[in-house]
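Note: the block below is final23.cif and it holds mmCIF, C-alpha atoms and all ligand atoms.
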data_input
loop_
_atom_site.label_atom_id
_atom_site.label_comp_id
_atom_site.auth_asym_id
_atom_site.auth_seq_id
_atom_site.Cartn_x
_atom_site.Cartn_y
_atom_site.Cartn_z
CA MET A 1 -114.99 -43.52 86.99
CA THR A 2 -117.87 -45.53 85.55
CA THR A 3 -116.76 -47.04 82.28
CA GLU A 4 -119.48 -46.94 79.65
CA SER A 5 -117.60 -48.34 76.70
CA SER A 6 -114.12 -48.63 75.28
CA VAL A 7 -112.67 -47.02 72.20
CA ARG A 8 -109.68 -47.58 69.94
CA ALA A 9 -108.74 -44.94 67.40
CA PHE A 10 -105.86 -44.96 64.93
CA ALA A 11 -104.52 -42.23 62.68
CA PRO A 12 -101.70 -42.82 60.17
CA GLY A 13 -98.64 -40.75 59.41
CA ARG A 14 -97.95 -39.69 55.84
CA VAL A 15 -95.20 -39.19 53.35
CA ASN A 16 -95.60 -36.54 50.70
CA LEU A 17 -94.49 -37.70 47.24
CA ILE A 18 -94.60 -34.23 45.65
CA GLY A 19 -96.26 -30.85 46.20
CA GLU A 20 -94.32 -29.25 49.05
CA HIS A 21 -95.27 -25.91 50.59
CA THR A 22 -98.15 -25.61 48.14
CA ASP A 23 -101.08 -26.50 50.39
CA TYR A 24 -101.38 -23.16 52.20
CA THR A 25 -101.64 -21.27 48.90
CA ASP A 26 -104.54 -23.40 47.60
CA GLY A 27 -102.21 -25.53 45.48
CA LEU A 28 -101.78 -29.21 44.67
CA VAL A 29 -100.19 -31.96 46.78
CA LEU A 30 -99.74 -35.70 46.31
CA PRO A 31 -99.14 -37.47 49.65
CA MET A 32 -99.93 -40.99 50.82
CA THR A 33 -100.55 -42.41 54.27
CA ILE A 34 -98.13 -45.00 55.67
CA HIS A 35 -98.53 -48.01 57.95
CA LEU A 36 -96.93 -46.14 60.88
CA GLY A 37 -99.24 -44.15 63.12
CA THR A 38 -100.70 -43.39 66.53
CA THR A 39 -103.30 -45.42 68.42
CA VAL A 40 -105.40 -44.31 71.39
CA THR A 41 -106.95 -47.13 73.43
CA ALA A 42 -109.21 -45.95 76.22
CA ASP A 43 -112.17 -46.55 78.51
CA VAL A 44 -114.90 -43.98 77.91
CA GLY A 45 -116.62 -42.30 80.87
CA GLY A 46 -116.10 -39.82 83.69
CA ASP A 47 -115.21 -36.16 83.52
CA ARG A 48 -111.50 -36.23 82.86
CA VAL A 49 -109.32 -37.03 79.89
CA SER A 50 -106.37 -39.01 81.28
CA LEU A 51 -103.90 -40.43 78.79
CA ALA A 52 -100.51 -42.00 79.34
CA SER A 53 -98.10 -42.29 76.42
CA ARG A 54 -95.48 -44.90 75.76
CA ASN A 55 -93.35 -42.17 74.13
CA GLU A 56 -93.68 -39.47 76.75
CA PRO A 57 -92.44 -39.50 80.34
CA GLU A 58 -95.40 -37.54 81.70
CA PRO A 59 -99.09 -38.38 81.27
CA VAL A 60 -101.83 -35.90 80.41
CA ASP A 61 -104.73 -35.35 82.79
CA LEU A 62 -107.24 -32.66 81.83
CA PRO A 63 -110.85 -31.84 82.68
CA ARG A 64 -113.44 -32.62 80.00
CA GLN A 65 -114.19 -28.90 79.79
CA VAL A 66 -110.85 -27.24 79.12
CA PRO A 67 -110.45 -23.47 78.82
CA THR A 68 -110.32 -22.66 75.11
CA ASP A 69 -108.29 -19.43 75.01
CA PRO A 70 -104.82 -19.67 73.40
CA ASP A 71 -102.91 -18.56 76.52
CA ALA A 72 -104.48 -21.27 78.66
CA LEU A 73 -103.70 -23.82 75.96
CA ALA A 74 -100.09 -22.66 75.66
CA ALA A 75 -99.67 -22.99 79.44
CA LEU A 76 -100.62 -26.69 79.46
CA ARG A 77 -97.92 -29.13 80.55
CA PRO A 78 -96.47 -31.50 79.48
CA GLU A 79 -96.16 -30.11 75.95
CA TRP A 80 -98.20 -32.88 74.29
CA ALA A 81 -101.11 -31.92 76.59
CA ARG A 82 -101.64 -28.94 74.26
CA PHE A 83 -102.67 -31.31 71.45
CA VAL A 84 -105.01 -33.20 73.76
CA GLY A 85 -106.34 -29.92 75.22
CA ALA A 86 -106.93 -28.42 71.76
CA ALA A 87 -108.70 -31.62 70.65
CA ILE A 88 -110.94 -31.48 73.74
CA ALA A 89 -111.71 -27.82 73.04
CA HIS A 90 -112.75 -28.63 69.46
CA VAL A 91 -114.68 -31.87 70.05
CA ARG A 92 -116.32 -30.90 73.39
CA PRO A 93 -116.70 -34.55 74.34
CA ALA A 94 -119.78 -35.72 76.20
CA ARG A 95 -117.65 -38.13 78.25
CA GLY A 96 -114.07 -38.37 79.44
CA LEU A 97 -111.40 -40.93 78.53
CA HIS A 98 -108.93 -42.97 80.50
CA GLY A 99 -106.33 -44.74 78.41
CA VAL A 100 -103.03 -45.07 76.61
CA VAL A 101 -101.44 -43.57 73.51
CA THR A 102 -99.05 -45.76 71.55
CA SER A 103 -97.17 -44.75 68.45
CA THR A 104 -95.15 -46.60 65.85
CA MET A 105 -94.03 -43.31 64.33
CA PRO A 106 -90.62 -41.73 64.55
CA ILE A 107 -91.41 -38.51 66.42
CA GLY A 108 -90.27 -35.28 64.79
CA ALA A 109 -89.00 -36.98 61.61
CA GLY A 110 -91.34 -35.07 59.32
CA LEU A 111 -93.86 -37.89 58.79
CA SER A 112 -96.71 -36.03 60.52
CA SER A 113 -96.51 -37.56 63.96
CA SER A 114 -98.33 -34.53 65.39
CA THR A 115 -101.26 -34.86 62.95
CA SER A 116 -101.49 -38.55 63.76
CA LEU A 117 -101.57 -37.83 67.51
CA ALA A 118 -104.10 -35.00 67.17
CA MET A 119 -106.35 -37.04 64.87
CA ALA A 120 -106.28 -40.23 66.95
CA VAL A 121 -107.18 -38.22 70.07
CA THR A 122 -109.91 -36.29 68.21
CA LEU A 123 -111.50 -39.55 67.02
CA ALA A 124 -111.15 -41.20 70.45
CA LEU A 125 -112.95 -38.22 72.01
CA GLY A 126 -115.99 -39.04 69.86
CA PHE A 127 -115.65 -36.73 66.83
CA GLU A 128 -118.55 -37.16 64.41
CA GLY A 129 -118.41 -35.90 60.84
CA SER A 130 -117.11 -36.43 57.34
CA ALA A 131 -113.47 -36.92 56.36
CA HIS A 132 -113.31 -33.27 55.28
CA GLU A 133 -114.76 -32.11 58.59
CA LEU A 134 -112.30 -34.29 60.49
CA ALA A 135 -109.38 -32.90 58.48
CA LEU A 136 -110.44 -29.27 59.02
CA THR A 137 -111.06 -29.88 62.73
CA VAL A 138 -107.65 -31.49 63.24
CA GLN A 139 -105.96 -28.69 61.28
CA SER A 140 -107.48 -26.20 63.75
CA VAL A 141 -106.45 -28.43 66.67
CA GLU A 142 -102.85 -28.51 65.46
CA GLN A 143 -102.68 -24.81 64.71
CA ALA A 144 -104.03 -24.03 68.18
CA ALA A 145 -101.70 -26.51 69.89
CA SER A 146 -98.48 -25.71 68.05
CA GLY A 147 -98.89 -22.14 66.86
CA VAL A 148 -97.69 -23.29 63.40
CA PRO A 149 -100.04 -22.06 60.61
CA CYS A 150 -99.96 -25.45 58.86
CA GLY A 151 -101.91 -26.24 55.70
CA ILE A 152 -104.47 -29.01 55.17
CA MET A 153 -102.36 -31.69 53.44
CA ASP A 154 -101.41 -33.87 56.40
CA GLN A 155 -104.87 -33.93 57.94
CA LEU A 156 -106.78 -34.49 54.70
CA VAL A 157 -104.67 -37.41 53.54
CA ALA A 158 -104.88 -39.01 57.01
CA ALA A 159 -108.67 -38.66 56.99
CA ALA A 160 -109.47 -39.42 53.34
CA ALA A 161 -106.77 -41.83 52.10
CA ARG A 162 -107.81 -44.95 50.16
CA PRO A 163 -105.75 -48.09 50.76
CA GLY A 164 -103.42 -48.83 47.87
CA THR A 165 -103.37 -45.36 46.36
CA ALA A 166 -101.66 -42.04 46.93
CA LEU A 167 -104.00 -39.03 47.03
CA LEU A 168 -103.89 -36.04 44.72
CA ILE A 169 -105.42 -33.19 46.72
CA ASP A 170 -106.58 -29.87 45.34
CA CYS A 171 -106.14 -27.69 48.42
CA ARG A 172 -108.49 -25.03 47.02
CA SER A 173 -111.58 -27.23 46.48
CA LEU A 174 -110.37 -30.01 48.82
CA ALA A 175 -111.25 -32.47 46.03
CA THR A 176 -109.23 -35.67 46.21
CA GLU A 177 -108.28 -38.15 43.49
CA PRO A 178 -106.73 -41.56 44.21
CA ILE A 179 -103.51 -42.12 42.23
CA ARG A 180 -102.07 -45.60 41.72
CA LEU A 181 -98.33 -46.17 41.78
CA PRO A 182 -96.86 -48.32 38.99
CA GLY A 183 -96.12 -51.92 40.01
CA ASP A 184 -92.41 -51.73 39.24
CA VAL A 185 -91.51 -49.13 41.88
CA GLN A 186 -91.31 -48.82 45.64
CA VAL A 187 -91.46 -45.80 47.91
CA LEU A 188 -88.49 -45.61 50.25
CA VAL A 189 -88.52 -43.21 53.21
CA VAL A 190 -85.09 -42.44 54.65
CA ASP A 191 -84.47 -40.64 57.92
CA SER A 192 -81.73 -38.06 57.40
CA GLY A 193 -80.97 -38.36 61.11
CA GLN A 194 -81.41 -34.62 61.58
CA PRO A 195 -84.36 -34.10 63.93
CA ARG A 196 -86.86 -31.75 62.39
CA ARG A 197 -88.03 -28.75 64.34
CA LEU A 198 -90.94 -27.14 62.59
CA MET A 199 -89.08 -23.95 63.31
CA HIS A 200 -92.19 -21.95 63.91
CA SER A 201 -90.79 -18.75 62.57
CA ALA A 202 -89.31 -20.24 59.36
CA TYR A 203 -92.52 -22.05 58.36
CA ALA A 204 -94.63 -19.00 59.19
CA ALA A 205 -92.11 -16.76 57.40
CA ARG A 206 -92.33 -18.86 54.21
CA ARG A 207 -96.09 -18.72 54.38
CA ALA A 208 -95.96 -14.93 54.82
CA GLU A 209 -93.59 -14.61 51.82
CA CYS A 210 -96.01 -16.63 49.67
CA GLU A 211 -98.83 -14.36 50.74
CA ALA A 212 -96.69 -11.32 49.90
CA ALA A 213 -96.06 -12.80 46.43
CA ALA A 214 -99.78 -13.40 45.91
CA ARG A 215 -100.53 -9.76 46.74
CA ILE A 216 -98.31 -8.76 43.79
CA ILE A 217 -99.10 -11.39 41.13
CA GLY A 218 -102.43 -12.82 42.33
CA PRO A 219 -103.13 -16.34 43.61
CA LEU A 220 -99.99 -18.48 43.13
CA ARG A 221 -102.23 -21.41 42.25
CA ASP A 222 -103.36 -19.59 39.10
CA ALA A 223 -99.99 -18.06 38.17
CA VAL A 224 -98.14 -19.30 35.09
CA PRO A 225 -94.39 -20.06 35.14
CA GLY A 226 -92.52 -16.77 34.70
CA ALA A 227 -95.22 -14.66 36.38
CA GLU A 228 -92.91 -14.33 39.39
CA ARG A 229 -90.58 -12.07 37.37
CA ALA A 230 -92.88 -9.18 38.26
CA ILE A 231 -91.80 -9.51 41.91
CA THR A 232 -88.85 -7.27 42.78
CA ASP A 233 -87.87 -8.73 46.18
CA PRO A 234 -85.50 -11.57 45.24
CA ALA A 235 -86.43 -13.86 48.15
CA VAL A 236 -90.16 -13.44 47.58
CA ARG A 237 -89.60 -14.01 43.86
CA ARG A 238 -87.77 -17.29 44.54
CA ARG A 239 -90.53 -18.50 46.92
CA ALA A 240 -93.15 -17.80 44.23
CA ARG A 241 -91.05 -19.54 41.57
CA HIS A 242 -90.91 -22.65 43.75
CA VAL A 243 -94.66 -22.73 44.38
CA ILE A 244 -95.62 -22.09 40.74
CA GLY A 245 -93.15 -24.73 39.53
CA GLU A 246 -94.16 -27.19 42.23
CA ASN A 247 -97.85 -27.08 41.29
CA ALA A 248 -96.81 -27.87 37.70
CA ARG A 249 -94.58 -30.68 38.98
CA VAL A 250 -97.50 -32.27 40.87
CA ARG A 251 -99.54 -32.42 37.64
CA ALA A 252 -96.57 -33.73 35.64
CA PHE A 253 -95.78 -36.32 38.31
CA ALA A 254 -99.39 -37.59 38.40
CA ALA A 255 -99.38 -37.78 34.58
CA ALA A 256 -96.05 -39.69 34.57
CA LEU A 257 -97.44 -42.21 37.08
CA ALA A 258 -100.62 -42.63 35.02
CA ALA A 259 -98.44 -43.30 31.97
CA GLY A 260 -96.37 -45.82 33.95
CA ASP A 261 -93.26 -43.67 33.40
CA ALA A 262 -91.53 -44.13 36.75
CA ALA A 263 -88.20 -42.76 35.47
CA GLU A 264 -89.87 -39.46 34.55
CA ALA A 265 -91.71 -39.36 37.89
CA GLY A 266 -88.37 -39.81 39.68
CA GLN A 267 -86.76 -36.96 37.77
CA ILE A 268 -89.65 -34.68 38.69
CA MET A 269 -89.12 -35.51 42.38
CA THR A 270 -85.43 -34.67 42.18
CA ALA A 271 -86.23 -31.39 40.41
CA GLY A 272 -88.62 -30.69 43.29
CA HIS A 273 -85.80 -31.14 45.78
CA ARG A 274 -83.57 -28.67 43.92
CA SER A 275 -86.38 -26.12 43.99
CA LEU A 276 -86.94 -26.63 47.74
CA ARG A 277 -83.18 -26.26 48.29
CA ASP A 278 -82.44 -23.27 46.07
CA ASP A 279 -85.70 -21.33 45.78
CA PHE A 280 -87.74 -22.17 48.87
CA GLU A 281 -84.64 -22.61 51.07
CA VAL A 282 -86.04 -25.23 53.43
CA SER A 283 -83.40 -27.91 52.89
CA THR A 284 -80.30 -28.49 55.02
CA PRO A 285 -76.83 -29.89 54.20
CA THR A 286 -77.85 -33.18 55.88
CA LEU A 287 -80.99 -33.49 53.74
CA ASP A 288 -78.97 -32.60 50.61
CA ASP A 289 -76.37 -35.26 51.49
CA THR A 290 -79.11 -37.85 52.03
CA VAL A 291 -80.63 -37.05 48.63
CA ALA A 292 -77.17 -37.18 46.97
CA GLU A 293 -76.39 -40.52 48.62
CA LEU A 294 -79.69 -41.94 47.39
CA MET A 295 -79.21 -40.61 43.88
CA ALA A 296 -75.84 -42.41 43.76
CA THR A 297 -77.54 -45.71 44.67
CA PRO A 298 -78.42 -48.03 41.77
CA GLY A 299 -82.17 -48.38 41.28
CA VAL A 300 -83.08 -44.96 42.75
CA LEU A 301 -85.19 -43.00 40.27
CA GLY A 302 -85.61 -39.79 42.25
CA ALA A 303 -85.35 -38.38 45.77
CA ARG A 304 -86.42 -35.27 47.64
CA LEU A 305 -86.96 -33.96 51.13
CA THR A 306 -90.51 -34.63 52.29
CA GLY A 307 -92.68 -32.49 54.55
CA ALA A 308 -91.79 -29.01 55.70
CA GLY A 309 -88.01 -29.46 55.52
CA PHE A 310 -85.43 -28.17 58.04
CA GLY A 311 -84.50 -31.82 58.77
CA GLY A 312 -86.50 -35.04 58.95
CA CYS A 313 -86.96 -37.51 56.11
CA VAL A 314 -86.23 -37.89 52.43
CA VAL A 315 -88.59 -39.81 50.13
CA ALA A 316 -87.28 -41.74 47.15
CA LEU A 317 -88.93 -43.53 44.25
CA THR A 318 -86.89 -46.65 43.56
CA ARG A 319 -86.98 -49.97 41.78
CA PRO A 320 -88.14 -52.78 44.12
CA GLY A 321 -85.56 -54.13 46.54
CA VAL A 322 -83.45 -50.98 46.95
CA THR A 323 -82.45 -50.23 50.56
CA VAL A 324 -79.88 -48.02 52.26
CA ALA A 325 -77.51 -49.63 54.73
CA SER A 326 -76.34 -46.45 56.40
CA ARG A 327 -79.59 -44.83 57.55
CA ARG A 328 -82.88 -45.74 59.21
CA HIS A 329 -85.44 -46.31 56.48
CA TRP A 330 -88.87 -47.72 55.70
CA ILE A 331 -90.29 -49.24 52.52
CA VAL A 332 -93.85 -47.94 52.57
CA GLN A 333 -97.06 -48.80 50.72
CA PRO A 334 -100.02 -46.44 50.47
CA ALA A 335 -102.05 -47.23 53.61
CA GLY A 336 -105.66 -46.45 54.49
CA PRO A 337 -107.30 -43.62 56.44
CA ALA A 338 -107.79 -43.05 60.17
CA TRP A 339 -110.39 -45.21 61.87
CA ARG A 340 -112.15 -45.79 65.19
CA GLU A 341 -113.83 -48.79 66.75
CA GLN A 342 -115.93 -48.92 69.87
CA ALA A 343 -117.18 -51.67 72.14
CA ALA A 344 -119.69 -51.68 74.97
CA THR A 345 -118.04 -52.74 78.23
CA SER A 346 -120.40 -55.69 78.33
CA GLY A 347 -117.76 -57.26 76.10
CA ARG A 348 -119.49 -57.02 72.73
CA ALA A 349 -117.04 -57.09 69.86
CA ALA A 350 -115.59 -53.79 68.72
CA ALA A 351 -117.54 -52.17 65.90
CA PRO A 352 -116.19 -49.66 63.42
CA SER A 353 -117.71 -46.25 64.09
CA TRP A 354 -115.49 -44.07 61.86
CA PRO A 355 -115.28 -44.18 58.91
CA ARG A 356 -118.57 -45.93 58.39
CA THR A 357 -118.82 -45.65 54.64
CA PRO A 358 -116.32 -44.36 52.10
CA HIS A 359 -115.97 -40.64 52.70
CA ARG A 360 -115.80 -38.18 49.84
C1 LIG A 401 -96.00 -29.37 57.04
C2 LIG A 401 -97.40 -28.77 57.11
C3 LIG A 401 -98.17 -29.03 55.83
C4 LIG A 401 -97.37 -28.61 54.60
C5 LIG A 401 -95.96 -29.14 54.66
C6 LIG A 401 -95.09 -28.61 53.55
O1 LIG A 401 -96.07 -30.77 56.97
O2 LIG A 401 -98.10 -29.32 58.20
O3 LIG A 401 -99.41 -28.38 55.87
O4 LIG A 401 -97.38 -27.20 54.45
O5 LIG A 401 -95.33 -28.85 55.89
O6 LIG A 401 -95.53 -29.05 52.31
#

Would you kindly transcribe this structure into structure tokens?
Ligand code: GLA
Amino acid sequence: MTTESSVRAFAPGRVNLIGEHTDYTDGLVLPMTIHLGTTVTADVGGDRVSLASRNEPEPVDLPRQVPTDPDALAALRPEWARFVGAAIAHVRPARGLHGVVTSTMPIGAGLSSSTSLAMAVTLALGFEGSAHELALTVQSVEQAASGVPCGIMDQLVAAAARPGTALLIDCRSLATEPIRLPGDVQVLVVDSGQPRRLMHSAYAARRAECEAAARIIGPLRDAVPGAERAITDPAVRRRARHVIGENARVRAFAAALAAGDAAEAGQIMTAGHRSLRDDFEVSTPTLDDTVAELMATPGVLGARLTGAGFGGCVVALTRPGVTVASRRHWIVQPAGPAWREQAATSGRAAAPSWPRTPHR
């Protein structure tokens, strides 16, 4: 292979502070990126995309022109080749890659390791476009690769985050607003120890129930609390009650942060967990125990499961210095967006090629 240049692309993971299972019904979410993420370092050139991974036993080796139909994608092995294959199908790169994927993320812990892999590969393949275009492209890549009808939250925060702020996202307009955290709090992410499977059917089933609710009472984003009482199916009614309440909680949480009222923000998070447990039914006994353990820890203001649920991590808002001895955890600060740098093989210094200017 003739190497034309080299590329390094990074995409961060994320933790969602509030706004769970609201993105795929055009609702509100408030995630932030974290310092953990996935990096692709590669030589650019040739006709194949060959990537080894420090986290995977088998490398991926695919032609630069992969078949794009879903069956061909689903047949790719090893499993992570589906993400690379779907990224190739969406970017249609002019040149191949030969390189390595490294990740500092816990895989399958609900911190968006799959978005970070798909986005880092998409950028390394030469994606050009705005932050919104990158997010929408990577959402399609992930849906094609995993079969999970995920929303836009994970991809948009990874593409459009601003360092030092969480991001309030309106998933209908895709407008984003940076939100500062008060100085007297920290965000603590705690691994429940229960590996998360994005149980395809359960996530898709929740999405279908939300769509069923919307057919009865109209867009959940526009529904007022109590509107769900018109729904006769009790499960569908509970799903709608969660989503309607959760959108209100996102607004209240953002307002509490703006007012510097961290105690109120914490209580809103804990109320969000109860709703995910009782109404949306995506928690597990292990996640509930982790939340309870945190809430019994001095200095913890609020805690909830983060991400899709069914296992993975809990996020807590705490006073500075709080840690948990018994479980793997990270104190996280709002990090920046995904980026890419490229260098000619002549040895010129790497130059940023994405993002070039602040994206809106
Ligand atoms: C997963 C999906 C997101 C979102 C969350 C739940 O992370 O990828 O789009 O739906 O679950 O809030």

Would you mind telling me which residue in A:Pro70, A:Gly46, A:Gly245, A:Gly307 lies nearest to ligand LIG 401 (chain A) when using all atoms listed in the file?
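Comparing A:Pro70, A:Gly46, A:Gly245, A:Gly307 against ligand LIG 401 (chain A), the winner is A:Gly307.
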
Straight-line distance linking atom CA of Val66 of chain A with atom CA of Pro93 of chain A, stated in Å to one decimal
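These two atoms are separated by 10.5 Å.
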
Please write out the residues within 9 Å of ligand LIG 401 (chain A) as an MDAnalysis selection string, counting all atoms listed in the file. chainID A and resid 16 18:24 29 110:112 114:115 139 142 148:155 198 203 207 306:309

Counting only C-alpha atoms, I want the residues whose atoms come within 12 Å of (-99.9, -39.3, 65.2) in the file frame, returned as a PDB file with C-alpha atoms, in the coordinates of the input.
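Saved the output as out_20.pdb:
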ATOM      1  CA  ALA A   9    -108.740 -44.940  67.400  1.00  0.00           C
ATOM      2  CA  PHE A  10    -105.860 -44.960  64.930  1.00  0.00           C
ATOM      3  CA  ALA A  11    -104.520 -42.230  62.680  1.00  0.00           C
ATOM      4  CA  PRO A  12    -101.700 -42.820  60.170  1.00  0.00           C
ATOM      5  CA  GLY A  13     -98.640 -40.750  59.410  1.00  0.00           C
ATOM      6  CA  ARG A  14     -97.950 -39.690  55.840  1.00  0.00           C
ATOM      7  CA  THR A  33    -100.550 -42.410  54.270  1.00  0.00           C
ATOM      8  CA  ILE A  34     -98.130 -45.000  55.670  1.00  0.00           C
ATOM      9  CA  HIS A  35     -98.530 -48.010  57.950  1.00  0.00           C
ATOM     10  CA  LEU A  36     -96.930 -46.140  60.880  1.00  0.00           C
ATOM     11  CA  GLY A  37     -99.240 -44.150  63.120  1.00  0.00           C
ATOM     12  CA  THR A  38    -100.700 -43.390  66.530  1.00  0.00           C
ATOM     13  CA  THR A  39    -103.300 -45.420  68.420  1.00  0.00           C
ATOM     14  CA  VAL A  40    -105.400 -44.310  71.390  1.00  0.00           C
ATOM     15  CA  SER A  53     -98.100 -42.290  76.420  1.00  0.00           C
ATOM     16  CA  ASN A  55     -93.350 -42.170  74.130  1.00  0.00           C
ATOM     17  CA  TRP A  80     -98.200 -32.880  74.290  1.00  0.00           C
ATOM     18  CA  PHE A  83    -102.670 -31.310  71.450  1.00  0.00           C
ATOM     19  CA  VAL A  84    -105.010 -33.200  73.760  1.00  0.00           C
ATOM     20  CA  VAL A 101    -101.440 -43.570  73.510  1.00  0.00           C
ATOM     21  CA  THR A 102     -99.050 -45.760  71.550  1.00  0.00           C
ATOM     22  CA  SER A 103     -97.170 -44.750  68.450  1.00  0.00           C
ATOM     23  CA  THR A 104     -95.150 -46.600  65.850  1.00  0.00           C
ATOM     24  CA  MET A 105     -94.030 -43.310  64.330  1.00  0.00           C
ATOM     25  CA  PRO A 106     -90.620 -41.730  64.550  1.00  0.00           C
ATOM     26  CA  ILE A 107     -91.410 -38.510  66.420  1.00  0.00           C
ATOM     27  CA  GLY A 108     -90.270 -35.280  64.790  1.00  0.00           C
ATOM     28  CA  ALA A 109     -89.000 -36.980  61.610  1.00  0.00           C
ATOM     29  CA  GLY A 110     -91.340 -35.070  59.320  1.00  0.00           C
ATOM     30  CA  LEU A 111     -93.860 -37.890  58.790  1.00  0.00           C
ATOM     31  CA  SER A 112     -96.710 -36.030  60.520  1.00  0.00           C
ATOM     32  CA  SER A 113     -96.510 -37.560  63.960  1.00  0.00           C
ATOM     33  CA  SER A 114     -98.330 -34.530  65.390  1.00  0.00           C
ATOM     34  CA  THR A 115    -101.260 -34.860  62.950  1.00  0.00           C
ATOM     35  CA  SER A 116    -101.490 -38.550  63.760  1.00  0.00           C
ATOM     36  CA  LEU A 117    -101.570 -37.830  67.510  1.00  0.00           C
ATOM     37  CA  ALA A 118    -104.100 -35.000  67.170  1.00  0.00           C
ATOM     38  CA  MET A 119    -106.350 -37.040  64.870  1.00  0.00           C
ATOM     39  CA  ALA A 120    -106.280 -40.230  66.950  1.00  0.00           C
ATOM     40  CA  VAL A 121    -107.180 -38.220  70.070  1.00  0.00           C
ATOM     41  CA  THR A 122    -109.910 -36.290  68.210  1.00  0.00           C
ATOM     42  CA  LEU A 123    -111.500 -39.550  67.020  1.00  0.00           C
ATOM     43  CA  VAL A 138    -107.650 -31.490  63.240  1.00  0.00           C
ATOM     44  CA  GLU A 142    -102.850 -28.510  65.460  1.00  0.00           C
ATOM     45  CA  ASP A 154    -101.410 -33.870  56.400  1.00  0.00           C
ATOM     46  CA  GLN A 155    -104.870 -33.930  57.940  1.00  0.00           C
ATOM     47  CA  ALA A 158    -104.880 -39.010  57.010  1.00  0.00           C
ATOM     48  CA  ALA A 338    -107.790 -43.050  60.170  1.00  0.00           C
TER      49      ALA A 338
END

Would you work out the distance separating atom CA of Asp233 of chain A from atom CA of Arg221 of chain A, expressed in Å to one decimal?
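Atom-to-atom, atom CA of Asp233 of chain A to atom CA of Arg221 of chain A, that is 19.6 Å.
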
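With distances restricted to all atoms listed in the file, A:Val44 is the closest residue to Arg95 of chain A from A:Val332, A:Val185, A:Val44, A:Leu317.
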
(Q) Please list as a PyMOL selection string every residue within 7 Å of Ser5 of chain A, counting only C-alpha atoms and excluding residues in the same chain fewer than 4 positions away. (A) chain A and resi 43-44+343-345

Of A:Ala254, A:Arg180, A:Val91, A:His98, the one sitting nearest Gly129 of chain A when using all atoms listed in the file is A:Val91

Among A:Ala316, A:Val7, A:Ala94, A:Ala212, Met295 of chain A is approached most closely, using all atoms listed in the file, by A:Ala316

So, counting only C-alpha atoms, which residue among A:Gly147, A:Pro320, A:Pro285, A:Pro298 is closest to Gln333 of chain A?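 Closest residue, counting only C-alpha atoms: A:Pro320.
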
Original post:
How many Å separate atom CA of Ala227 of chain A from atom CA of Ala214 of chain A?
Top reply: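 Calculated distance between atom CA of Ala227 of chain A and atom CA of Ala214 of chain A is 10.6 Å.
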
Enumerate, in order of chain and increasing residue number, the residues of segment 157-276 of chain A with an atom no farther than 10 Å from segment 323-330 of chain A, each with its shortest atom pair and distance in Å to one decimal, counting only C-alpha atoms, as JSON lines.
{"residue": "A:Val187", "atom": "CA", "partner": "A:Trp330", "partner_atom": "CA", "distance": 8.4}
{"residue": "A:Leu188", "atom": "CA", "partner": "A:Trp330", "partner_atom": "CA", "distance": 5.9}
{"residue": "A:Val189", "atom": "CA", "partner": "A:Trp330", "partner_atom": "CA", "distance": 5.2}
{"residue": "A:Val190", "atom": "CA", "partner": "A:His329", "partner_atom": "CA", "distance": 4.3}
{"residue": "A:Asp191", "atom": "CA", "partner": "A:Arg328", "partner_atom": "CA", "distance": 5.5}
{"residue": "A:Ser192", "atom": "CA", "partner": "A:Arg327", "partner_atom": "CA", "distance": 7.1}
{"residue": "A:Gly193", "atom": "CA", "partner": "A:Arg327", "partner_atom": "CA", "distance": 7.5}
